[in-house]
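Text of structure_35.pdb (PDB, C-alpha atoms) as supplied:
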ATOM      1  CA  MET A   1     124.961 168.669  17.439
ATOM      2  CA  THR A   2     128.339 167.104  17.936
ATOM      3  CA  HIS A   3     130.053 165.736  14.826
ATOM      4  CA  LEU A   4     127.311 167.009  12.546
ATOM      5  CA  VAL A   5     127.817 170.706  12.064
ATOM      6  CA  GLU A   6     131.160 172.129  13.063
ATOM      7  CA  THR A   7     129.730 175.438  14.177
ATOM      8  CA  HIS A   8     127.491 173.776  16.782
ATOM      9  CA  SER A   9     128.304 174.459  20.391
ATOM     10  CA  ALA A  10     128.853 171.005  21.878
ATOM     11  CA  PRO A  11     131.481 169.101  23.829
ATOM     12  CA  PRO A  12     134.336 167.911  21.572
ATOM     13  CA  ASN A  13     133.811 164.238  22.397
ATOM     14  CA  GLY A  14     130.121 164.250  21.555
ATOM     15  CA  SER A  15     127.042 164.454  23.753
ATOM     16  CA  ARG A  16     125.245 161.480  25.267
ATOM     17  CA  LEU A  17     122.348 162.170  22.915
ATOM     18  CA  THR A  18     124.537 161.920  19.812
ATOM     19  CA  ARG A  19     126.116 158.698  21.032
ATOM     20  CA  SER A  20     122.659 157.286  21.753
ATOM     21  CA  LEU A  21     121.415 158.102  18.258
ATOM     22  CA  ARG A  22     124.446 156.422  16.732
ATOM     23  CA  ARG A  23     123.140 153.092  18.020
ATOM     24  CA  ARG A  24     120.100 153.334  15.692
ATOM     25  CA  PRO A  25     121.006 152.063  12.173
ATOM     26  CA  GLY A  26     119.247 154.784  10.201
ATOM     27  CA  PHE A  27     120.591 157.572  12.374
ATOM     28  CA  ALA A  28     124.080 156.095  12.341
ATOM     29  CA  VAL A  29     124.146 156.346   8.541
ATOM     30  CA  ALA A  30     122.970 159.947   8.710
ATOM     31  CA  LEU A  31     125.670 160.827  11.208
ATOM     32  CA  LEU A  32     128.335 159.205   9.056
ATOM     33  CA  VAL A  33     127.349 160.952   5.834
ATOM     34  CA  ALA A  34     126.678 164.345   7.412
ATOM     35  CA  PRO A  35     130.291 165.637   7.317
ATOM     36  CA  VAL A  36     130.573 164.568   3.678
ATOM     37  CA  LEU A  37     127.354 166.357   2.784
ATOM     38  CA  LEU A  38     128.421 169.516   4.540
ATOM     39  CA  MET A  39     131.810 169.492   2.840
ATOM     40  CA  SER A  40     130.221 168.828  -0.540
ATOM     41  CA  SER A  41     127.720 171.646  -0.117
ATOM     42  CA  ALA A  42     130.487 174.030   0.860
ATOM     43  CA  CYS A  43     132.245 173.157  -2.389
ATOM     44  CA  GLY A  44     129.108 173.701  -4.434
ATOM     45  CA  ALA A  45     128.690 170.083  -5.486
ATOM     46  CA  ASP A  46     125.237 170.463  -7.001
ATOM     47  CA  ASP A  47     125.613 167.204  -8.915
ATOM     48  CA  LEU A  48     125.359 165.287  -5.629
ATOM     49  CA  GLY A  49     121.735 166.375  -5.190
ATOM     50  CA  VAL A  50     122.529 168.343  -2.051
ATOM     51  CA  ASP A  51     120.429 171.416  -1.322
ATOM     52  CA  ALA A  52     122.411 173.808   0.845
ATOM     53  CA  SER A  53     121.853 177.388   1.937
ATOM     54  CA  ASP A  54     123.200 179.479   4.796
ATOM     55  CA  GLY A  55     125.061 176.477   6.229
ATOM     56  CA  ASN A  56     121.953 174.259   6.187
ATOM     57  CA  VAL A  57     121.841 171.013   4.250
ATOM     58  CA  SER A  58     118.929 168.897   3.067
ATOM     59  CA  VAL A  59     119.317 165.701   1.077
ATOM     60  CA  GLU A  60     117.418 162.540   0.201
ATOM     61  CA  ILE A  61     119.257 159.253   0.734
ATOM     62  CA  ASP A  62     117.525 156.030  -0.328
ATOM     63  CA  GLY A  63     114.103 157.570   0.278
ATOM     64  CA  ALA A  64     115.061 159.115   3.618
ATOM     65  CA  ASP A  65     115.006 162.902   4.005
ATOM     66  CA  LEU A  66     117.850 164.348   6.077
ATOM     67  CA  ALA A  67     118.077 168.007   7.100
ATOM     68  CA  LEU A  68     121.059 169.412   8.997
ATOM     69  CA  GLY A  69     122.137 172.819  10.179
ATOM     70  CA  ASP A  70     121.483 175.455  12.800
ATOM     71  CA  GLY A  71     118.624 177.116  10.931
ATOM     72  CA  GLN A  72     116.308 174.180  10.298
ATOM     73  CA  GLY A  73     112.595 174.845  10.332
ATOM     74  CA  ARG A  74     109.928 172.645  11.820
ATOM     75  CA  PRO A  75     109.510 169.556   9.595
ATOM     76  CA  ASP A  76     106.164 169.240   7.793
ATOM     77  CA  TRP A  77     105.588 165.709   9.100
ATOM     78  CA  LEU A  78     105.657 166.756  12.765
ATOM     79  CA  GLU A  79     102.064 166.893  14.034
ATOM     80  CA  ASP A  80     100.598 170.246  15.002
ATOM     81  CA  TRP A  81      99.878 169.072  18.561
ATOM     82  CA  VAL A  82     103.602 168.594  19.213
ATOM     83  CA  VAL A  83     104.422 171.827  21.045
ATOM     84  CA  LEU A  84     108.209 172.039  21.184
ATOM     85  CA  PRO A  85     109.816 173.842  24.135
ATOM     86  CA  GLU A  86     110.052 177.600  23.773
ATOM     87  CA  GLY A  87     113.336 178.672  22.237
ATOM     88  CA  SER A  88     113.954 175.361  20.453
ATOM     89  CA  GLU A  89     116.629 175.583  17.754
ATOM     90  CA  ILE A  90     116.214 172.590  15.440
ATOM     91  CA  SER A  91     119.532 171.253  14.179
ATOM     92  CA  MET A  92     118.523 167.948  12.594
ATOM     93  CA  ALA A  93     115.421 166.256  11.215
ATOM     94  CA  ILE A  94     115.229 162.780   9.685
ATOM     95  CA  ASP A  95     112.257 161.181   7.965
ATOM     96  CA  ASP A  96     112.991 157.598   6.968
ATOM     97  CA  PRO A  97     109.710 155.871   5.971
ATOM     98  CA  ALA A  98     111.409 152.619   4.932
ATOM     99  CA  ASN A  99     112.721 152.008   8.446
ATOM    100  CA  GLY A 100     109.857 153.721  10.267
ATOM    101  CA  ASP A 101     112.215 156.300  11.785
ATOM    102  CA  ARG A 102     111.451 159.952  12.379
ATOM    103  CA  VAL A 103     113.430 162.228  14.665
ATOM    104  CA  VAL A 104     113.868 165.883  15.465
ATOM    105  CA  VAL A 105     116.950 167.081  17.326
ATOM    106  CA  ALA A 106     116.974 170.559  18.835
ATOM    107  CA  ARG A 107     118.676 172.727  21.451
ATOM    108  CA  VAL A 108     117.317 175.126  24.047
ATOM    109  CA  ARG A 109     119.382 177.677  25.930
ATOM    110  CA  ASP A 110     119.099 178.696  29.587
ATOM    111  CA  THR A 111     117.143 175.648  30.726
ATOM    112  CA  THR A 112     117.604 172.170  32.173
ATOM    113  CA  GLY A 113     117.068 168.659  30.912
ATOM    114  CA  ASP A 114     114.423 168.114  33.602
ATOM    115  CA  ALA A 115     112.464 171.136  32.403
ATOM    116  CA  ILE A 116     112.566 169.947  28.782
ATOM    117  CA  LEU A 117     111.427 166.453  29.758
ATOM    118  CA  ALA A 118     108.630 167.817  31.951
ATOM    119  CA  HIS A 119     107.332 169.989  29.115
ATOM    120  CA  LEU A 120     107.365 167.242  26.493
ATOM    121  CA  SER A 121     105.878 164.737  28.951
ATOM    122  CA  SER A 122     102.923 167.049  29.547
ATOM    123  CA  VAL A 123     102.432 167.452  25.795
ATOM    124  CA  LEU A 124     102.332 163.684  25.323
ATOM    125  CA  GLU A 125     100.118 162.979  28.324
ATOM    126  CA  ALA A 126      97.620 165.568  27.085
ATOM    127  CA  GLN A 127      97.308 163.455  23.927
ATOM    128  CA  GLY A 128      96.677 160.250  25.881
ATOM    129  CA  TYR A 129     100.219 158.852  25.843
ATOM    130  CA  GLU A 130     101.429 156.878  28.849
ATOM    131  CA  ARG A 131     104.965 157.034  30.153
ATOM    132  CA  LEU A 132     106.428 153.534  30.495
ATOM    133  CA  GLY A 133     107.736 153.236  34.024
ATOM    134  CA  GLU A 134     110.722 155.449  34.764
ATOM    135  CA  THR A 135     111.825 155.523  31.122
ATOM    136  CA  THR A 136     111.243 158.297  28.602
ATOM    137  CA  TYR A 137     109.295 156.008  26.282
ATOM    138  CA  PHE A 138     105.649 157.021  25.771
ATOM    139  CA  ALA A 139     102.985 154.694  24.383
ATOM    140  CA  LYS A 140      99.422 155.039  23.157
ATOM    141  CA  ASP A 141      97.274 152.252  21.714
ATOM    142  CA  GLY A 142      97.385 152.262  17.930
ATOM    143  CA  GLU A 143     100.125 154.910  17.718
ATOM    144  CA  PRO A 144     103.909 154.668  17.253
ATOM    145  CA  VAL A 145     105.953 154.698  20.434
ATOM    146  CA  ILE A 146     107.625 158.062  21.082
ATOM    147  CA  VAL A 147     110.869 158.445  22.999
ATOM    148  CA  VAL A 148     112.248 161.724  24.345
ATOM    149  CA  ARG A 149     115.987 161.985  24.983
ATOM    150  CA  THR A 150     117.865 164.852  26.604
ATOM    151  CA  SER A 151     121.526 165.699  27.030
ATOM    152  CA  ASP A 152     122.271 168.188  29.800
ATOM    153  CA  GLU A 153     125.922 168.970  30.538
ATOM    154  CA  GLY A 154     124.975 171.503  33.219
ATOM    155  CA  THR A 155     125.908 174.542  31.140
ATOM    156  CA  GLY A 156     122.347 175.742  30.505
ATOM    157  CA  LEU A 157     122.439 174.485  26.907
ATOM    158  CA  VAL A 158     120.264 171.378  26.607
ATOM    159  CA  GLU A 159     120.053 169.172  23.545
ATOM    160  CA  TYR A 160     116.992 166.977  23.117
ATOM    161  CA  SER A 161     115.383 164.678  20.576
ATOM    162  CA  TRP A 162     111.783 163.761  19.808
ATOM    163  CA  GLU A 163     111.832 160.355  18.177
ATOM    164  CA  TYR A 164     109.171 158.072  16.731
ATOM    165  CA  ALA A 165     110.724 154.825  17.897
ATOM    166  CA  ASN A 166     110.576 151.890  15.517
ATOM    167  CA  GLN A 167     110.104 149.487  18.438
ATOM    168  CA  SER A 168     107.305 147.198  19.584
ATOM    169  CA  GLU A 169     105.053 148.668  22.268
ATOM    170  CA  GLU A 170     104.467 145.152  23.598
ATOM    171  CA  ASP A 171     108.200 144.478  23.939
ATOM    172  CA  LEU A 172     108.836 147.812  25.625
ATOM    173  CA  ARG A 173     105.987 147.275  28.074
ATOM    174  CA  ALA A 174     107.336 143.828  28.938
ATOM    175  CA  VAL A 175     110.711 145.337  29.832
ATOM    176  CA  TYR A 176     109.773 148.688  31.331
ATOM    177  CA  ALA A 177     106.115 148.635  32.360
ATOM    178  CA  PRO A 178     104.768 145.321  33.627
ATOM    179  CA  ARG A 179     101.017 145.308  34.200
ATOM    180  CA  GLU A 180      99.910 145.261  37.811
ATOM    181  CA  GLY A 181      96.542 144.815  39.450
ATOM    182  CA  PRO A 182      94.423 142.664  41.757
ATOM    183  CA  GLY A 183      94.008 138.996  40.950
ATOM    184  CA  VAL A 184      92.438 135.740  42.112
ATOM    185  CA  LEU A 185      94.376 132.494  42.419
ATOM    186  CA  THR A 186      92.193 129.377  42.298
ATOM    187  CA  LEU A 187      93.425 125.989  43.479
ATOM    188  CA  VAL A 188      91.471 122.844  42.631
ATOM    189  CA  VAL A 189      92.590 119.526  44.166
ATOM    190  CA  ASP A 190      90.464 116.383  43.798
ATOM    191  CA  GLY A 191      87.372 118.509  43.204
ATOM    192  CA  SER A 192      87.928 120.798  46.207
ATOM    193  CA  THR A 193      88.278 124.485  45.301
ATOM    194  CA  THR A 194      90.080 127.251  47.193
ATOM    195  CA  GLU A 195      90.318 130.893  46.079
ATOM    196  CA  GLN A 196      92.825 133.499  47.221
ATOM    197  CA  SER A 197      92.997 137.211  46.442
ATOM    198  CA  GLY A 198      96.241 139.092  45.978
ATOM    199  CA  MET A 199      98.361 141.176  43.619
ATOM    200  CA  CYS A 200      99.261 140.252  40.032
ATOM    201  CA  ILE A 201     102.328 141.351  38.120
ATOM    202  CA  LEU A 202     102.193 140.362  34.455
ATOM    203  CA  GLY A 203     104.827 140.723  31.760
ATOM    204  CA  SER A 204     107.779 141.616  33.982
ATOM    205  CA  THR A 205     111.305 140.627  33.021
ATOM    206  CA  ASP A 206     111.387 137.982  35.755
ATOM    207  CA  GLY A 207     108.042 136.330  35.119
ATOM    208  CA  ASN A 208     104.322 136.573  35.795
ATOM    209  CA  HIS A 209     103.473 136.604  39.470
ATOM    210  CA  PHE A 210     100.772 136.250  42.084
ATOM    211  CA  ILE A 211     101.558 137.589  45.550
ATOM    212  CA  GLY A 212      99.097 136.787  48.319
ATOM    213  CA  ASP A 213      99.141 136.796  52.117
ATOM    214  CA  ALA A 214     100.682 133.309  52.239
ATOM    215  CA  SER A 215     101.023 132.118  48.646
ATOM    216  CA  GLN A 216     103.527 133.274  46.061
ATOM    217  CA  ALA A 217     103.314 131.709  42.628
ATOM    218  CA  SER A 218     105.054 132.597  39.381
ATOM    219  CA  VAL A 219     105.230 131.326  35.819
ATOM    220  CA  ASP A 220     108.285 132.018  33.668
ATOM    221  CA  GLU A 221     108.305 131.896  29.881
ATOM    222  CA  LEU A 222     111.287 129.843  28.735
ATOM    223  CA  GLU A 223     113.408 130.387  25.631
ATOM    224  CA  ASP A 224     111.834 127.428  23.820
ATOM    225  CA  GLY A 225     108.349 128.924  24.224
ATOM    226  CA  SER A 226     107.290 126.653  27.082
ATOM    227  CA  ALA A 227     106.517 127.840  30.619
ATOM    228  CA  ALA A 228     107.628 126.790  34.090
ATOM    229  CA  PHE A 229     105.933 127.212  37.467
ATOM    230  CA  ARG A 230     107.767 128.244  40.609
ATOM    231  CA  GLY A 231     106.514 128.981  44.086
ATOM    232  CA  SER A 232     103.628 127.333  45.878
ATOM    233  CA  VAL A 233      99.999 127.708  46.926
ATOM    234  CA  VAL A 234      99.484 127.580  50.679
ATOM    235  CA  VAL A 235      96.114 126.456  52.009
ATOM    236  CA  ALA A 236      95.644 126.882  55.754
ATOM    237  CA  GLN A 237      93.896 124.094  57.616
ATOM    238  CA  ALA A 238      92.504 124.016  61.153
ATOM    239  CA  SER A 239      95.777 122.951  62.743
ATOM    240  CA  ALA A 240      98.229 122.871  59.826
ATOM    241  CA  ALA A 241      98.614 123.868  56.191
ATOM    242  CA  ASP A 242      98.953 122.292  52.775
ATOM    243  CA  ILE A 243     101.539 123.585  50.327
ATOM    244  CA  TRP A 244     100.752 122.705  46.714
ATOM    245  CA  ALA A 245     102.910 122.844  43.585
ATOM    246  CA  PRO A 246     103.235 120.775  40.394
ATOM    247  CA  ALA A 247     104.538 117.292  41.177
ATOM    248  CA  ASP A 248     106.519 117.120  37.951
ATOM    249  CA  GLN A 249     107.553 119.653  35.279
ATOM    250  CA  SER A 250     109.931 117.442  33.313
ATOM    251  CA  GLY A 251     107.782 117.481  30.198
ATOM    252  CA  GLY A 252     107.006 113.773  30.367
ATOM    253  CA  PRO A 253     103.549 112.176  30.169
ATOM    254  CA  GLU A 254     102.964 112.636  33.910
ATOM    255  CA  SER A 255     104.144 116.235  33.910
ATOM    256  CA  ALA A 256     101.819 119.116  34.764
ATOM    257  CA  VAL A 257     101.005 121.422  31.854
ATOM    258  CA  VAL A 258     101.950 125.050  32.515
ATOM    259  CA  GLU A 259     100.570 127.757  30.234
ATOM    260  CA  LEU A 260     100.570 131.532  30.178
ATOM    261  CA  THR A 261      97.273 133.217  29.350
ATOM    262  CA  SER A 262      96.374 136.776  28.405
ATOM    263  CA  ASP A 263      95.365 137.525  31.996
ATOM    264  CA  GLY A 264      97.483 135.161  34.090
ATOM    265  CA  PHE A 265      98.404 131.496  33.912
ATOM    266  CA  VAL A 266      97.035 127.966  34.238
ATOM    267  CA  VAL A 267      98.708 124.856  35.673
ATOM    268  CA  GLN A 268      96.945 121.544  35.101
ATOM    269  CA  GLY A 269      98.023 118.060  36.094
ATOM    270  CA  LYS A 270      99.306 116.298  39.154
ATOM    271  CA  LEU A 271      99.938 118.521  42.165
ATOM    272  CA  ALA A 272     101.972 117.466  45.194
ATOM    273  CA  ASN A 273     101.563 118.554  48.807
ATOM    274  CA  SER A 274     105.069 119.161  50.096
ATOM    275  CA  LEU A 275     103.931 118.762  53.722
ATOM    276  CA  SER A 276     102.540 115.285  53.137
ATOM    277  CA  SER A 277     105.173 112.806  51.997
ATOM    278  CA  GLU A 278     102.760 109.875  52.404
ATOM    279  CA  ASP A 279     100.039 111.088  50.032
ATOM    280  CA  GLU A 280     100.297 110.502  46.296
ATOM    281  CA  PRO A 281     100.114 113.543  43.970
ATOM    282  CA  ALA A 282      96.540 114.520  43.183
ATOM    283  CA  LEU A 283      94.987 115.752  39.978
ATOM    284  CA  GLY A 284      94.264 119.440  40.122
ATOM    285  CA  SER A 285      94.872 122.888  38.734
ATOM    286  CA  ILE A 286      96.226 126.283  39.713
ATOM    287  CA  THR A 287      94.666 129.183  37.824
ATOM    288  CA  LEU A 288      95.511 132.871  38.063
ATOM    289  CA  VAL A 289      93.153 135.504  36.678
ATOM    290  CA  CYS A 290      94.304 139.118  36.920
ATOM    291  CA  GLU A 291      92.397 142.335  36.607
ATOM    292  CA  GLU A 292      94.956 144.403  34.757
ATOM    293  CA  ALA A 293      95.779 147.874  35.976
ATOM    294  CA  ARG A 294      98.204 150.141  34.167
TER
END

Could you write out this file's structure as structure tokens?
Amino acid sequence: MTHLVETHSAPPNGSRLTRSLRRRPGFAVALLVAPVLLMSSACGADDLGVDASDGNVSVEIDGADLALGDGQGRPDWLEDWVVLPEGSEISMAIDDPANGDRVVVARVRDTTGDAILAHLSSVLEAQGYERLGETTYFAKDGEPVIVVRTSDEGTGLVEYSWEYANQSEEDLRAVYAPREGPGVLTLVVDGSTTEQSGMCILGSTDGNHFIGDASQASVDELEDGSAAFRGSVVVAQASAADIWAPADQSGGPESAVVELTSDGFVVQGKLANSLSSEDEPALGSITLVCEEAR
């Protein structure tokens, strides 16, 4: 692993995996202290509490256990169901309960990053984990998120990490895996009700959406915690169409109330028909109910 153990075979400027781990606070500390620990162990500095043998180092720092070196064994905290790729040579293991971080870094020779990812993905999916979109984050209800990282320089030597990510599953899903499924958009204007079926996309980075044959409606969550509606609901008539949207979203007393719900959104208040400039806004609502599909 670059910059950790000098005898490791790695590019001199550091692999992508090492640079990625540096961005995590707990791992960054480990990477910074590693050269000092290795130097101290080489000098026989037993008073520093460093346990070193055969070039391997293990130490406890503020309650976190750090193990470095080419001959590391499988850490005790790694579950039995985690089947590491054949030929894995573990070079680092960190167990940091205070920060909720656990990671194993290993290398495999004569393989590819794609092969490593495919193997670990199958291990996770067999345990009920779901891959979030095109990322290498894996989530399972009630369990910590796991992220797999690989660094493949095309030489046949692949470095990878198995990390228990101290990140919110909800936040990761919102960014990488919006929920999609069928939904029903209901428009009520002056007591008249119209329903439309279409596709829902909830929790995406650009809002919560309904996409129908004619109507497209979205609600965005704003930074202040409020919500805003965009788009319109199209209702076909015999010879024309009505296009409905909130008449006002300024936040004043006459403004429509826009709210996100667990399965869609609700807009209540005065709605305006953009194709009828003569008619006054009418009281009504726009409600989206989605059947979530992951």

Target residues per the PyMOL selection byres ((chain A and resi 111) around 12), formatted as a VMD selection string: chain A and resid 85 to 88 107 to 110 112 to 119 150 to 160

Expand the PyMOL selection byres ((chain A and resi 184) around 8) into the explicit residue set it covers here, and present it as a PyMOL selection string. chain A and resi 182-183+185-186+195-198+288-290

Tell me which protein, DNA and RNA residues are within 9 Å of region 258-262 of chain A, counting all atoms listed in the file, leaving out same-chain ones fewer than 4 positions away, and put them as a list in words.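 Near neighbours after the sequence-gap exclusion: Asn208, Val219, Asp220, Glu221, Ser226, Ala227, Ala228, Phe229, Gln249, Val266, Val267, Gln268, Gly269, Leu288 and Val289 of chain A.
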
In Å to one decimal, how far is CA of Ser250 (chain A) from CA of Ile286 (chain A)?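 Answer for the CA of Ile286 (chain A) to CA of Ser250 (chain A) separation: 17.5 Å.
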
Once the PyMOL selection byres ((chain A and resi 188) around 9) is applied to the coordinates I shared, what remains selected? I want it as number ranges by chain. A: 186-187, 189-195, 283-287

Quick one: of A:Glu223, A:Glu130, A:Glu143, A:Glu291, who's nearest to Glu180 (chain A), counting all atoms listed in the file?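 Of all the options, A:Glu291 lies closest to Glu180 (chain A).
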
In Å, with one decimal, what is the gap from CA of Leu120 (chain A) to CA of Trp162 (chain A)?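 Answer for the CA of Leu120 (chain A) to CA of Trp162 (chain A) separation: 8.7 Å.
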